[in-house]
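Structure data (mmCIF, C-alpha atoms) from start.cif:
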data_data
#
loop_
_atom_site.label_atom_id
_atom_site.label_comp_id
_atom_site.auth_asym_id
_atom_site.auth_seq_id
_atom_site.Cartn_x
_atom_site.Cartn_y
_atom_site.Cartn_z
CA MET F 1 -19.91 3.59 -4.92
CA THR F 2 -20.32 0.03 -6.21
CA ILE F 3 -17.25 -2.20 -6.00
CA ARG F 4 -17.29 -4.32 -9.14
CA THR F 5 -15.69 -7.60 -8.12
CA ILE F 6 -14.40 -10.83 -9.67
CA LEU F 7 -13.86 -14.04 -7.69
CA VAL F 8 -11.14 -16.48 -8.82
CA ASP F 9 -10.73 -19.95 -7.31
CA ASP F 10 -10.40 -23.45 -8.75
CA GLU F 11 -12.66 -24.78 -5.96
CA PRO F 12 -16.38 -24.08 -6.66
CA LEU F 13 -17.23 -24.41 -2.97
CA ALA F 14 -14.70 -21.70 -2.12
CA ILE F 15 -16.32 -19.34 -4.63
CA GLN F 16 -19.79 -20.13 -3.27
CA GLY F 17 -18.65 -19.48 0.29
CA LEU F 18 -17.14 -16.12 -0.62
CA GLU F 19 -20.23 -15.16 -2.63
CA LEU F 20 -22.38 -15.93 0.40
CA ARG F 21 -20.26 -13.78 2.72
CA LEU F 22 -20.12 -10.89 0.25
CA GLN F 23 -23.92 -10.74 0.11
CA ALA F 24 -23.81 -8.92 3.44
CA HIS F 25 -22.02 -5.99 1.74
CA ASP F 26 -24.49 -4.05 -0.39
CA ASP F 27 -21.84 -2.09 -2.29
CA VAL F 28 -20.13 -5.23 -3.66
CA GLU F 29 -21.29 -6.40 -7.11
CA ILE F 30 -19.86 -9.72 -8.32
CA VAL F 31 -19.50 -9.30 -12.09
CA ASP F 32 -17.85 -12.65 -12.81
CA THR F 33 -16.36 -15.80 -11.28
CA CYS F 34 -13.40 -17.74 -12.71
CA THR F 35 -11.96 -21.17 -11.98
CA ASN F 36 -8.41 -20.69 -13.32
CA GLY F 37 -5.78 -18.06 -13.97
CA ARG F 38 -6.22 -17.77 -17.74
CA GLU F 39 -9.96 -17.21 -17.33
CA ALA F 40 -9.18 -14.57 -14.71
CA ILE F 41 -6.86 -12.60 -16.99
CA ARG F 42 -9.44 -12.58 -19.80
CA SER F 43 -12.23 -11.62 -17.39
CA VAL F 44 -10.32 -8.72 -15.84
CA LYS F 45 -9.47 -7.32 -19.26
CA THR F 46 -13.12 -7.66 -20.33
CA HIS F 47 -14.96 -6.47 -17.22
CA LYS F 48 -12.36 -4.05 -15.81
CA PRO F 49 -13.36 -4.72 -12.17
CA ASP F 50 -12.40 -2.64 -9.17
CA LEU F 51 -11.45 -5.62 -7.01
CA VAL F 52 -10.41 -9.25 -7.52
CA PHE F 53 -10.42 -11.96 -4.85
CA LEU F 54 -7.70 -14.25 -6.15
CA ASP F 55 -6.78 -17.76 -5.04
CA ILE F 56 -3.01 -18.26 -5.03
CA GLN F 57 -2.67 -21.99 -5.59
CA MET F 58 -4.36 -22.96 -8.84
CA PRO F 59 -3.28 -25.43 -11.55
CA GLY F 60 -1.47 -23.78 -14.45
CA PHE F 61 -1.47 -20.03 -13.84
CA ASP F 62 -1.34 -19.38 -10.09
CA GLY F 63 -2.47 -16.15 -8.47
CA PHE F 64 0.88 -14.41 -8.80
CA SER F 65 1.01 -15.33 -12.50
CA VAL F 66 -2.38 -13.69 -12.96
CA VAL F 67 -1.08 -10.44 -11.48
CA GLN F 68 1.98 -10.63 -13.73
CA GLY F 69 -0.24 -11.28 -16.75
CA LEU F 70 -2.15 -8.05 -16.14
CA MET F 71 0.81 -5.72 -16.10
CA ASP F 72 -0.02 -4.44 -19.58
CA VAL F 73 -3.34 -2.97 -18.38
CA GLU F 74 -4.37 -0.85 -15.41
CA PRO F 75 -4.77 -3.58 -12.80
CA PRO F 76 -7.60 -3.76 -10.27
CA LEU F 77 -7.04 -4.11 -6.55
CA PHE F 78 -6.20 -7.68 -5.49
CA VAL F 79 -7.03 -9.63 -2.37
CA PHE F 80 -5.22 -12.96 -2.20
CA VAL F 81 -7.15 -15.88 -0.71
CA THR F 82 -5.38 -19.13 0.19
CA ALA F 83 -5.15 -21.99 2.65
CA TYR F 84 -1.38 -21.57 3.02
CA SER F 85 0.09 -18.81 5.17
CA ASP F 86 3.61 -19.17 3.74
CA HIS F 87 2.59 -17.06 0.72
CA ALA F 88 1.89 -13.98 2.84
CA ILE F 89 5.12 -12.08 2.17
CA ARG F 90 4.88 -12.59 -1.59
CA ALA F 91 1.27 -11.43 -1.49
CA PHE F 92 2.20 -8.16 0.16
CA GLU F 93 5.19 -7.70 -2.14
CA ALA F 94 2.67 -7.91 -4.98
CA GLN F 95 0.95 -4.88 -3.39
CA ALA F 96 -2.18 -6.79 -2.47
CA VAL F 97 -4.86 -4.95 -0.52
CA ASP F 98 -5.00 -7.87 1.89
CA TYR F 99 -4.32 -11.56 2.40
CA LEU F 100 -7.14 -13.81 3.60
CA MET F 101 -6.83 -17.33 4.95
CA LYS F 102 -9.41 -19.99 4.09
CA PRO F 103 -12.01 -20.38 5.42
CA VAL F 104 -12.58 -16.63 5.19
CA GLU F 105 -13.86 -15.11 8.42
CA GLU F 106 -16.61 -12.51 8.20
CA ASP F 107 -14.81 -9.98 10.43
CA ARG F 108 -11.59 -10.24 8.43
CA LEU F 109 -13.54 -9.89 5.19
CA ALA F 110 -15.20 -6.73 6.50
CA ASP F 111 -11.78 -5.27 7.39
CA THR F 112 -10.49 -6.14 3.93
CA LEU F 113 -13.40 -4.44 2.20
CA ALA F 114 -12.91 -1.34 4.34
CA ARG F 115 -9.30 -1.16 3.15
CA ALA F 116 -10.43 -1.65 -0.46
CA ARG F 117 -12.96 1.17 -0.14
CA ASP F 118 -10.26 3.50 1.18
CA ARG F 119 -7.93 2.61 -1.69
CA LEU F 120 -10.65 3.08 -4.30
CA ALA F 121 -11.77 6.41 -2.82
CA GLU F 122 -8.19 7.66 -2.83
CA LYS F 123 -7.75 6.54 -6.44
CA SER F 124 -11.02 8.16 -7.50
CA ASN F 125 -10.11 11.43 -5.81
CA SER F 126 -6.68 11.60 -7.44
CA GLU F 127 -8.20 10.82 -10.86
CA GLU F 128 -10.80 13.57 -10.45
CA ILE F 129 -8.11 16.10 -9.53
CA ALA F 130 -6.03 15.06 -12.54
CA LYS F 131 -9.04 15.48 -14.87
CA LEU F 132 -9.81 18.88 -13.38
CA ARG F 133 -6.26 20.04 -13.94
CA GLU F 134 -6.35 18.86 -17.56
CA VAL F 135 -9.53 20.80 -18.25
CA LEU F 136 -8.29 23.92 -16.46
CA ALA F 137 -5.03 23.79 -18.36
CA GLU F 138 -7.01 24.15 -21.59
CA VAL F 139 -9.70 26.67 -20.64
CA ALA F 140 -8.14 28.59 -17.74
CA PRO F 141 -4.34 28.20 -17.54
CA GLU F 142 -4.00 30.68 -14.66
CA ALA F 143 -6.47 28.72 -12.53
CA ALA F 144 -4.65 25.50 -13.35
CA GLU F 145 -1.37 26.98 -12.13
CA GLU F 146 -3.06 28.14 -8.92
CA LEU F 147 -4.51 24.66 -8.33
CA ALA F 148 -1.13 23.04 -8.92
CA GLY F 149 0.54 25.52 -6.59
CA SER F 150 -1.90 24.73 -3.80
CA ASP F 151 0.00 21.49 -3.15
CA ASP F 152 3.27 23.31 -2.45
CA GLY F 153 4.62 24.19 1.00
CA PRO F 154 2.27 22.14 3.21
CA SER F 155 1.84 23.27 6.79
CA ALA F 156 3.38 21.10 9.48
CA ASP F 157 -0.01 21.16 11.25
CA ARG F 158 -1.49 18.76 8.71
CA TYR F 159 0.88 15.95 9.72
CA GLU F 160 0.41 13.45 12.54
CA LYS F 161 1.93 14.07 15.96
CA LEU F 162 0.74 10.74 17.39
CA ILE F 163 0.05 7.49 15.56
CA ASN F 164 -2.18 4.78 16.99
CA VAL F 165 -0.75 1.32 16.33
CA LYS F 166 -2.77 -1.82 17.05
CA ASP F 167 -0.22 -4.55 17.69
CA ARG F 168 -0.40 -7.83 19.62
CA GLY F 169 -3.94 -7.08 20.74
CA GLN F 170 -3.00 -3.70 22.23
CA ILE F 171 -3.23 -0.12 20.99
CA PHE F 172 -0.02 1.88 21.32
CA ARG F 173 0.01 5.68 20.99
CA VAL F 174 3.35 6.43 19.38
CA ASP F 175 4.88 9.89 19.50
CA VAL F 176 5.95 10.50 15.90
CA GLU F 177 9.12 12.28 17.01
CA SER F 178 10.25 9.08 18.74
CA ILE F 179 10.09 7.04 15.52
CA GLU F 180 13.61 6.34 14.32
CA ARG F 181 12.88 4.43 11.14
CA ILE F 182 10.15 2.52 9.33
CA ASP F 183 10.62 -0.59 7.20
CA ALA F 184 8.01 -1.86 4.76
CA ALA F 185 6.89 -5.42 4.05
CA GLY F 186 3.98 -5.14 1.65
CA ASP F 187 1.01 -3.67 3.52
CA TYR F 188 2.79 -4.00 6.88
CA MET F 189 5.09 -1.38 8.39
CA CYS F 190 7.70 -2.16 11.07
CA ILE F 191 7.98 0.98 13.20
CA TYR F 192 11.16 1.30 15.26
CA THR F 193 11.33 3.65 18.24
CA GLY F 194 14.15 3.90 20.73
CA ASP F 195 12.92 1.00 22.84
CA ASN F 196 10.23 -0.77 20.86
CA THR F 197 9.29 -2.32 17.51
CA LEU F 198 5.65 -2.25 16.44
CA ILE F 199 3.81 -3.64 13.43
CA LEU F 200 1.35 -1.33 11.68
CA ARG F 201 -1.02 -2.58 8.98
CA GLU F 202 -0.71 0.21 6.40
CA THR F 203 1.03 0.83 3.09
CA MET F 204 4.22 2.87 2.83
CA LYS F 205 2.45 5.29 0.47
CA ASP F 206 -0.38 5.97 2.94
CA LEU F 207 1.95 6.31 5.92
CA GLU F 208 4.20 8.77 4.10
CA LYS F 209 1.24 11.12 3.66
CA ARG F 210 0.80 11.25 7.43
CA LEU F 211 4.44 12.18 8.18
CA ASP F 212 6.15 15.54 7.74
CA PRO F 213 8.54 15.15 4.76
CA ARG F 214 10.87 17.72 6.28
CA THR F 215 11.65 15.16 9.00
CA PHE F 216 10.79 11.77 7.52
CA GLN F 217 12.37 10.84 4.22
CA ARG F 218 12.53 7.64 2.23
CA VAL F 219 16.15 6.52 1.82
CA HIS F 220 15.34 3.21 0.17
CA ARG F 221 12.24 1.94 -1.61
CA SER F 222 11.24 0.14 1.60
CA THR F 223 12.72 2.37 4.34
CA ILE F 224 11.79 5.76 5.84
CA VAL F 225 14.17 7.48 8.26
CA ASN F 226 13.70 10.25 10.83
CA LEU F 227 16.38 12.69 9.68
CA ASP F 228 16.48 14.38 13.09
CA LEU F 229 17.84 11.12 14.55
CA VAL F 230 20.69 10.67 12.07
CA ARG F 231 24.04 10.94 13.84
CA GLN F 232 26.54 9.97 11.14
CA VAL F 233 26.83 9.46 7.40
CA LYS F 234 29.20 6.68 6.31
CA PRO F 235 30.11 6.58 2.61
CA HIS F 236 29.85 3.22 0.88
CA THR F 237 30.66 1.91 -2.59
CA ASN F 238 28.85 2.71 -5.84
CA GLY F 239 27.47 6.01 -4.61
CA GLU F 240 25.58 4.42 -1.74
CA CYS F 241 26.08 5.24 1.94
CA PHE F 242 24.89 4.29 5.42
CA LEU F 243 23.09 6.50 7.92
CA VAL F 244 23.95 5.78 11.57
CA LEU F 245 20.97 6.49 13.80
CA ASP F 246 20.69 7.39 17.49
CA SER F 247 20.18 3.75 18.45
CA GLY F 248 23.33 2.70 16.57
CA ALA F 249 21.30 1.09 13.77
CA GLN F 250 22.73 1.55 10.28
CA VAL F 251 20.44 2.12 7.29
CA LYS F 252 21.64 1.92 3.72
CA VAL F 253 20.78 4.82 1.42
CA SER F 254 20.39 3.60 -2.15
CA ARG F 255 21.69 5.68 -5.03
CA SER F 256 18.15 6.60 -6.05
CA TYR F 257 17.74 8.52 -2.78
CA ARG F 258 21.22 9.94 -2.33
CA ASP F 259 19.88 13.50 -2.61
CA VAL F 260 18.51 12.97 0.92
CA VAL F 261 22.08 12.79 2.19
CA ALA F 262 23.00 16.13 0.60
CA ARG F 263 21.38 18.04 3.45
CA PHE F 264 23.94 16.56 5.87
CA VAL F 265 26.92 17.63 3.77
CA HIS F 266 27.99 21.27 4.16
#

Show the structure stored in the file as structure tokens.
Amino acid sequence: MTIRTILVDDEPLAIQGLELRLQAHDDVEIVDTCTNGREAIRSVKTHKPDLVFLDIQMPGFDGFSVVQGLMDVEPPLFVFVTAYSDHAIRAFEAQAVDYLMKPVEEDRLADTLARARDRLAEKSNSEEIAKLREVLAEVAPEAAEELAGSDDGPSADRYEKLINVKDRGQIFRVDVESIERIDAAGDYMCIYTGDNTLILRETMKDLEKRLDPRTFQRVHRSTIVNLDLVRQVKPHTNGECFLVLDSGAQVKVSRSYRDVVARFVH
């Protein structure tokens, strides 16, 4: 699979440096380069790339404005590139694949491209399944229903029992049952166990797929809770409530996820 890529930076030398480093990756095809945000928006709409390396600080339209300006089309994957680390949280909140500091290091770039490949493969697979279901629905409705039903009632065996977390230069093997809650910050997950807090570089969406939904449920758009470790439900205002966990931590359940609480109420 070729990753059609656009580079956006108001510094020509920065674009040249990134082009040079990307030459080592045979599956990356640079379809355009842009020197400002307005050019970038036009180029993305014209070329429909898979991936965009996007400088954050540019005159006029900055990187975040570019992302906002593409909300009316199916956006590509974004990697933010900048000399300033204080933009990191906003970058991940914008659902960036990654955040690279200038000058871009070859090892970090390789990691970023690996993440992009995974995201694109997942997207391609889901699109193929959707197309197959559309065709089956027209020519073989019974087969379409069988395919749709194959996603129901997943076996617990398919979910992770141990998760490897690389944090602070060490690899921790975390027993999934010991995880009390997980908080998201862009592409980083804060994993809380009874006696430790670890940082995992992964999206909430990807991590959810690895956890048994009968035990781990999202109670907020950025929080997953181990329901087996809930010890008390405390009602709050406006239909919200708090879950008190084994450790004594309290997690707010937003109204959008209040159906999760129903299983505790008999």

**Message:** Using all atoms listed in the file, can you tell me which of F:Phe53, F:Phe242, F:Phe64, F:Tyr257 comes closest to Pro76 of chain F?
**Reply:**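 The answer is F:Phe53, which sits nearest to Pro76 of chain F.
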
**Explicit residues for the PyMOL selection byres ((chain F and resi 214) around 10) (as a list in words)** =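 Written out, the selection comes to Ala156, Leu211, Asp212, Pro213, Thr215, Phe216, Gln217, Asn226, Leu227 and Asp228 of chain F.
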
**Prompt:** Nearest to Leu51 of chain F: which of F:Glu39, F:Asp98, F:Glu11, F:Asp72 is it, counting all atoms listed in the file?
**Reply:**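 Nearest to Leu51 of chain F: F:Asp98.
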
**Asked** Which of these, F:Gln250, F:Ser222, F:Gln170, F:Ser178, has the shortest distance to Lys234 of chain F once you count only C-alpha atoms?
**Response** F:Gln250

**Asked** What is the atom CA of Gly69 of chain F-atom CA of Lys48 of chain F distance in Å, reported with one decimal?
**Response**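 Pair atom CA of Gly69 of chain F / atom CA of Lys48 of chain F returns 14.1 Å.
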
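Considering all atoms listed in the file, the residue among F:Met189, F:Ile182, F:Ile30, F:Ala40 positioned nearest to Val66 of chain F is F:Ala40.
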
**Request:** Go ahead and compute the interatomic distance for atom CA of Glu202 of chain F and atom CA of Ala14 of chain F, in Å to one decimal.
**Result:** 27.4 Å
